[in-house]
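Visitor: I'm passing along model.txt; it holds compact mmCIF, N, CA and C atoms.
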# COMPACT_ATOMS: atom_id res chain seq x y z
N MET A 1 127.77 152.88 163.47
CA MET A 1 126.41 153.22 163.14
C MET A 1 125.61 151.91 163.01
N SER A 2 124.43 151.88 163.63
CA SER A 2 123.61 150.67 163.56
C SER A 2 122.77 150.67 162.30
N GLN A 3 122.60 149.49 161.76
CA GLN A 3 121.81 149.36 160.53
C GLN A 3 120.48 148.74 160.89
N HIS A 4 119.41 149.43 160.58
CA HIS A 4 118.07 148.93 160.90
C HIS A 4 117.48 148.24 159.68
N THR A 5 116.65 147.26 159.93
CA THR A 5 115.99 146.55 158.85
C THR A 5 114.85 147.42 158.32
N PRO A 6 114.81 147.68 157.02
CA PRO A 6 113.71 148.49 156.47
C PRO A 6 112.38 147.78 156.64
N PRO A 7 111.29 148.50 156.76
CA PRO A 7 109.99 147.86 156.92
C PRO A 7 109.62 147.05 155.68
N GLY A 8 109.02 145.89 155.90
CA GLY A 8 108.60 145.04 154.81
C GLY A 8 109.67 144.06 154.35
N GLN A 9 110.88 144.16 154.85
CA GLN A 9 111.94 143.22 154.47
C GLN A 9 111.88 142.03 155.42
N LEU A 10 111.95 140.83 154.87
CA LEU A 10 111.79 139.64 155.69
C LEU A 10 113.01 139.30 156.52
N ALA A 11 114.19 139.51 155.99
CA ALA A 11 115.41 139.12 156.70
C ALA A 11 116.44 140.23 156.54
N PRO A 12 117.37 140.34 157.47
CA PRO A 12 118.43 141.31 157.28
C PRO A 12 119.32 140.92 156.10
N HIS A 13 120.13 141.82 155.66
CA HIS A 13 120.95 141.59 154.47
C HIS A 13 121.95 140.45 154.69
N VAL A 14 122.37 139.85 153.58
CA VAL A 14 123.39 138.82 153.60
C VAL A 14 124.74 139.53 153.44
N PRO A 15 125.70 139.25 154.32
CA PRO A 15 127.00 139.89 154.15
C PRO A 15 127.61 139.55 152.79
N ALA A 16 128.32 140.51 152.22
CA ALA A 16 128.84 140.38 150.85
C ALA A 16 129.80 139.21 150.72
N ASP A 17 130.68 139.01 151.69
CA ASP A 17 131.65 137.91 151.57
C ASP A 17 130.97 136.54 151.60
N LEU A 18 129.91 136.42 152.40
CA LEU A 18 129.17 135.16 152.46
C LEU A 18 128.45 134.91 151.13
N TYR A 19 127.88 135.94 150.56
CA TYR A 19 127.17 135.78 149.28
C TYR A 19 128.14 135.44 148.16
N GLN A 20 129.28 136.10 148.13
CA GLN A 20 130.26 135.82 147.07
C GLN A 20 130.83 134.42 147.21
N ARG A 21 131.06 133.96 148.44
CA ARG A 21 131.56 132.60 148.65
C ARG A 21 130.51 131.59 148.21
N ALA A 22 129.23 131.85 148.51
CA ALA A 22 128.17 130.94 148.08
C ALA A 22 128.06 130.92 146.56
N GLN A 23 128.23 132.05 145.91
CA GLN A 23 128.18 132.11 144.45
C GLN A 23 129.36 131.35 143.83
N ALA A 24 130.54 131.48 144.45
CA ALA A 24 131.74 130.85 143.90
C ALA A 24 131.69 129.33 144.06
N THR A 25 131.16 128.84 145.17
CA THR A 25 131.15 127.40 145.43
C THR A 25 129.87 126.74 144.96
N GLY A 26 128.86 127.50 144.63
CA GLY A 26 127.60 126.92 144.18
C GLY A 26 126.68 126.51 145.31
N GLN A 27 127.01 126.86 146.52
CA GLN A 27 126.16 126.52 147.66
C GLN A 27 124.92 127.41 147.66
N PRO A 28 123.80 126.84 148.02
CA PRO A 28 122.59 127.66 148.09
C PRO A 28 122.61 128.54 149.34
N VAL A 29 121.99 129.68 149.24
CA VAL A 29 121.81 130.57 150.40
C VAL A 29 120.41 130.34 150.92
N VAL A 30 120.32 129.96 152.19
CA VAL A 30 119.04 129.60 152.78
C VAL A 30 118.65 130.68 153.78
N PHE A 31 117.44 131.20 153.64
CA PHE A 31 116.89 132.15 154.60
C PHE A 31 115.90 131.41 155.48
N VAL A 32 116.04 131.56 156.77
CA VAL A 32 115.12 130.94 157.72
C VAL A 32 114.32 132.06 158.36
N VAL A 33 113.03 132.01 158.17
CA VAL A 33 112.14 133.01 158.74
C VAL A 33 111.28 132.32 159.78
N GLN A 34 111.38 132.79 161.01
CA GLN A 34 110.58 132.20 162.08
C GLN A 34 109.26 132.95 162.16
N ASP A 35 108.19 132.22 161.94
CA ASP A 35 106.86 132.82 161.98
C ASP A 35 106.22 132.43 163.30
N ASN A 36 106.01 133.40 164.16
CA ASN A 36 105.44 133.13 165.49
C ASN A 36 103.95 133.40 165.55
N THR A 37 103.35 133.73 164.45
CA THR A 37 101.91 133.98 164.46
C THR A 37 101.18 132.65 164.41
N SER A 38 100.21 132.51 165.26
CA SER A 38 99.41 131.29 165.28
C SER A 38 97.94 131.67 165.30
N ALA A 39 97.11 130.73 164.89
CA ALA A 39 95.67 130.98 164.86
C ALA A 39 95.04 130.80 166.23
N ALA A 40 95.78 130.24 167.18
CA ALA A 40 95.23 129.98 168.50
C ALA A 40 95.10 131.29 169.29
N PHE A 41 94.22 131.27 170.28
CA PHE A 41 94.01 132.43 171.14
C PHE A 41 95.17 132.54 172.12
N PRO A 42 95.75 133.71 172.29
CA PRO A 42 96.88 133.85 173.23
C PRO A 42 96.39 133.85 174.68
N TRP A 43 96.38 132.67 175.29
CA TRP A 43 95.86 132.53 176.65
C TRP A 43 96.69 133.27 177.67
N GLN A 44 97.97 133.46 177.40
CA GLN A 44 98.83 134.14 178.36
C GLN A 44 98.36 135.57 178.59
N ARG A 45 97.80 136.19 177.57
CA ARG A 45 97.31 137.56 177.69
C ARG A 45 96.13 137.65 178.65
N VAL A 46 95.37 136.57 178.81
CA VAL A 46 94.21 136.55 179.69
C VAL A 46 94.56 135.99 181.07
N LEU A 47 95.41 134.96 181.09
CA LEU A 47 95.67 134.26 182.35
C LEU A 47 96.50 135.09 183.33
N ILE A 48 97.42 135.89 182.84
CA ILE A 48 98.27 136.66 183.75
C ILE A 48 97.45 137.66 184.56
N PRO A 49 96.54 138.46 183.98
CA PRO A 49 95.74 139.35 184.82
C PRO A 49 94.84 138.61 185.81
N PHE A 50 94.29 137.46 185.38
CA PHE A 50 93.47 136.68 186.31
C PHE A 50 94.31 136.11 187.45
N ALA A 51 95.53 135.70 187.16
CA ALA A 51 96.41 135.19 188.22
C ALA A 51 96.76 136.30 189.21
N ILE A 52 97.01 137.49 188.70
CA ILE A 52 97.32 138.62 189.59
C ILE A 52 96.11 138.98 190.44
N ALA A 53 94.93 139.02 189.82
CA ALA A 53 93.71 139.34 190.57
C ALA A 53 93.41 138.26 191.61
N GLY A 54 93.62 136.99 191.25
CA GLY A 54 93.39 135.92 192.22
C GLY A 54 94.35 135.98 193.39
N ALA A 55 95.61 136.29 193.12
CA ALA A 55 96.58 136.42 194.21
C ALA A 55 96.23 137.59 195.11
N ALA A 56 95.77 138.69 194.52
CA ALA A 56 95.38 139.85 195.33
C ALA A 56 94.16 139.53 196.19
N ALA A 57 93.21 138.80 195.63
CA ALA A 57 92.01 138.43 196.40
C ALA A 57 92.36 137.49 197.55
N LEU A 58 93.20 136.49 197.28
CA LEU A 58 93.61 135.58 198.35
C LEU A 58 94.40 136.32 199.43
N GLY A 59 95.26 137.23 199.02
CA GLY A 59 96.02 138.01 200.00
C GLY A 59 95.12 138.88 200.86
N THR A 60 94.10 139.46 200.25
CA THR A 60 93.16 140.29 201.00
C THR A 60 92.38 139.45 202.01
N TRP A 61 91.92 138.27 201.58
CA TRP A 61 91.21 137.39 202.52
C TRP A 61 92.14 136.93 203.65
N GLY A 62 93.40 136.72 203.34
CA GLY A 62 94.35 136.34 204.39
C GLY A 62 94.54 137.45 205.41
N VAL A 63 94.61 138.69 204.94
CA VAL A 63 94.76 139.83 205.87
C VAL A 63 93.51 139.97 206.72
N VAL A 64 92.33 139.80 206.12
CA VAL A 64 91.07 139.90 206.89
C VAL A 64 91.01 138.80 207.94
N ALA A 65 91.38 137.58 207.57
CA ALA A 65 91.37 136.48 208.55
C ALA A 65 92.37 136.74 209.67
N ALA A 66 93.55 137.26 209.35
CA ALA A 66 94.53 137.56 210.39
C ALA A 66 94.04 138.66 211.32
N LEU A 67 93.38 139.68 210.79
CA LEU A 67 92.84 140.74 211.64
C LEU A 67 91.72 140.22 212.55
N CYS A 68 90.86 139.34 212.01
CA CYS A 68 89.80 138.75 212.85
C CYS A 68 90.41 137.93 213.98
N TRP A 69 91.43 137.16 213.67
CA TRP A 69 92.08 136.35 214.71
C TRP A 69 92.73 137.26 215.76
N LEU A 70 93.38 138.34 215.31
CA LEU A 70 94.03 139.27 216.23
C LEU A 70 93.02 139.94 217.14
N MET A 71 91.87 140.35 216.60
CA MET A 71 90.83 140.97 217.44
C MET A 71 90.25 139.96 218.43
N ASP A 72 90.12 138.71 218.03
CA ASP A 72 89.62 137.67 218.93
C ASP A 72 90.59 137.46 220.09
N VAL A 73 91.87 137.39 219.78
CA VAL A 73 92.88 137.22 220.83
C VAL A 73 92.89 138.43 221.75
N ALA A 74 92.77 139.63 221.20
CA ALA A 74 92.76 140.84 222.02
C ALA A 74 91.54 140.88 222.94
N ALA A 75 90.38 140.45 222.46
CA ALA A 75 89.17 140.43 223.29
C ALA A 75 89.31 139.42 224.42
N HIS A 76 89.85 138.25 224.13
CA HIS A 76 90.05 137.25 225.19
C HIS A 76 91.06 137.74 226.22
N THR A 77 92.11 138.39 225.76
CA THR A 77 93.12 138.92 226.67
C THR A 77 92.51 139.98 227.58
N ALA A 78 91.72 140.87 227.01
CA ALA A 78 91.08 141.92 227.82
C ALA A 78 90.12 141.31 228.82
N THR A 79 89.41 140.26 228.46
CA THR A 79 88.49 139.59 229.38
C THR A 79 89.23 138.95 230.53
N VAL A 80 90.35 138.29 230.23
CA VAL A 80 91.13 137.64 231.28
C VAL A 80 91.72 138.68 232.24
N ILE A 81 92.23 139.76 231.70
CA ILE A 81 92.82 140.80 232.55
C ILE A 81 91.75 141.47 233.41
N ALA A 82 90.59 141.75 232.83
CA ALA A 82 89.51 142.38 233.60
C ALA A 82 88.97 141.45 234.67
N GLY A 83 88.92 140.17 234.38
CA GLY A 83 88.44 139.21 235.37
C GLY A 83 89.42 139.05 236.52
N ALA A 84 90.71 139.14 236.25
CA ALA A 84 91.71 138.99 237.29
C ALA A 84 91.87 140.26 238.12
N ALA A 85 91.56 141.41 237.56
CA ALA A 85 91.77 142.68 238.25
C ALA A 85 90.69 142.95 239.28
N GLY A 86 89.53 142.42 239.09
CA GLY A 86 88.45 142.69 240.04
C GLY A 86 87.82 144.05 239.74
N PRO A 87 87.35 144.72 240.82
CA PRO A 87 86.73 146.02 240.60
C PRO A 87 87.76 147.07 240.18
N ILE A 88 87.34 147.97 239.30
CA ILE A 88 88.22 149.03 238.81
C ILE A 88 87.81 150.32 239.49
N GLY A 89 88.79 151.00 240.09
CA GLY A 89 88.46 152.24 240.80
C GLY A 89 89.40 153.36 240.41
N ALA A 90 88.86 154.58 240.39
CA ALA A 90 89.68 155.75 240.11
C ALA A 90 89.06 156.94 240.82
N GLY A 91 89.81 157.58 241.69
CA GLY A 91 89.34 158.79 242.37
C GLY A 91 88.16 158.57 243.28
N GLY A 92 88.06 157.43 243.91
CA GLY A 92 86.97 157.16 244.84
C GLY A 92 85.75 156.56 244.18
N ILE A 93 85.70 156.48 242.90
CA ILE A 93 84.57 155.88 242.20
C ILE A 93 84.98 154.48 241.81
N THR A 94 84.22 153.51 242.23
CA THR A 94 84.55 152.12 241.94
C THR A 94 83.53 151.55 240.96
N LEU A 95 84.04 150.89 239.97
CA LEU A 95 83.19 150.25 238.97
C LEU A 95 83.48 148.76 239.01
N LYS A 96 82.43 148.00 239.28
CA LYS A 96 82.60 146.55 239.32
C LYS A 96 82.20 146.01 237.94
N VAL A 97 83.23 145.57 237.21
CA VAL A 97 82.98 145.12 235.85
C VAL A 97 82.30 143.77 235.83
N PHE A 98 82.82 142.81 236.57
CA PHE A 98 82.24 141.48 236.63
C PHE A 98 81.85 141.21 238.07
N SER A 99 80.57 141.04 238.28
CA SER A 99 80.11 140.77 239.66
C SER A 99 80.08 139.26 239.86
N LYS A 100 80.65 138.84 240.99
CA LYS A 100 80.63 137.42 241.32
C LYS A 100 79.52 137.15 242.33
N LYS A 101 78.75 136.15 242.05
CA LYS A 101 77.62 135.87 242.93
C LYS A 101 77.94 134.71 243.83
Reformat the file's structure so that it appears as structure tokens.
Guide:
Amino acid sequence: MSQHTPPGQLAPHVPADLYQRAQATGQPVVFVVQDNTSAAFPWQRVLIPFAIAGAAALGTWGVVAALCWLMDVAAHTATVIAGAAGPIGAGGITLKVFSKK
């Protein structure tokens, strides 16, 4: 069975054998309480959401830049292919995309 610390108690109990040995030898029993409360503002609570938002924004801009580059490459590729193909015809109807003078 686990023993829980009652609310308002600063430290868990001292084992009986340790207390009796300290009483018999005259050694003092020292309680160390670590106090983690500080008067400073907890910057970690603010910085982590801003870091996540900044990473998401940079990632979004990276995706947008990659898509712009991909569309630019696709447009140049289509232009090169259309220029090399000459007139496009289907079923007797010919369409001259780029006229050479």
Visitor: Quick one, how far is atom C of A:Pro15 from atom CA of A:Val29?
Guide: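 Between atom C of A:Pro15 and atom CA of A:Val29 the gap works out to 11.0 Å.
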Visitor: To one decimal in Å, tell me the separation between atom N of A:Val30 and atom CA of A:Asp17.
Guide: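 Result for atom N of A:Val30 versus atom CA of A:Asp17: 13.9 Å, one decimal.
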Visitor: Provide the atom CA of A:Phe31 to atom CA of A:Val14 distance in Å, to one decimal place.
Guide: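 These atoms are spaced 9.4 Å apart.
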Visitor: Hey, what does DSSP flag as alpha helix (DSSP H) within stretch 10-87 of chain A? Can you give it to me as a ChimeraX atom specification?
Guide: /A:16-25,44-85
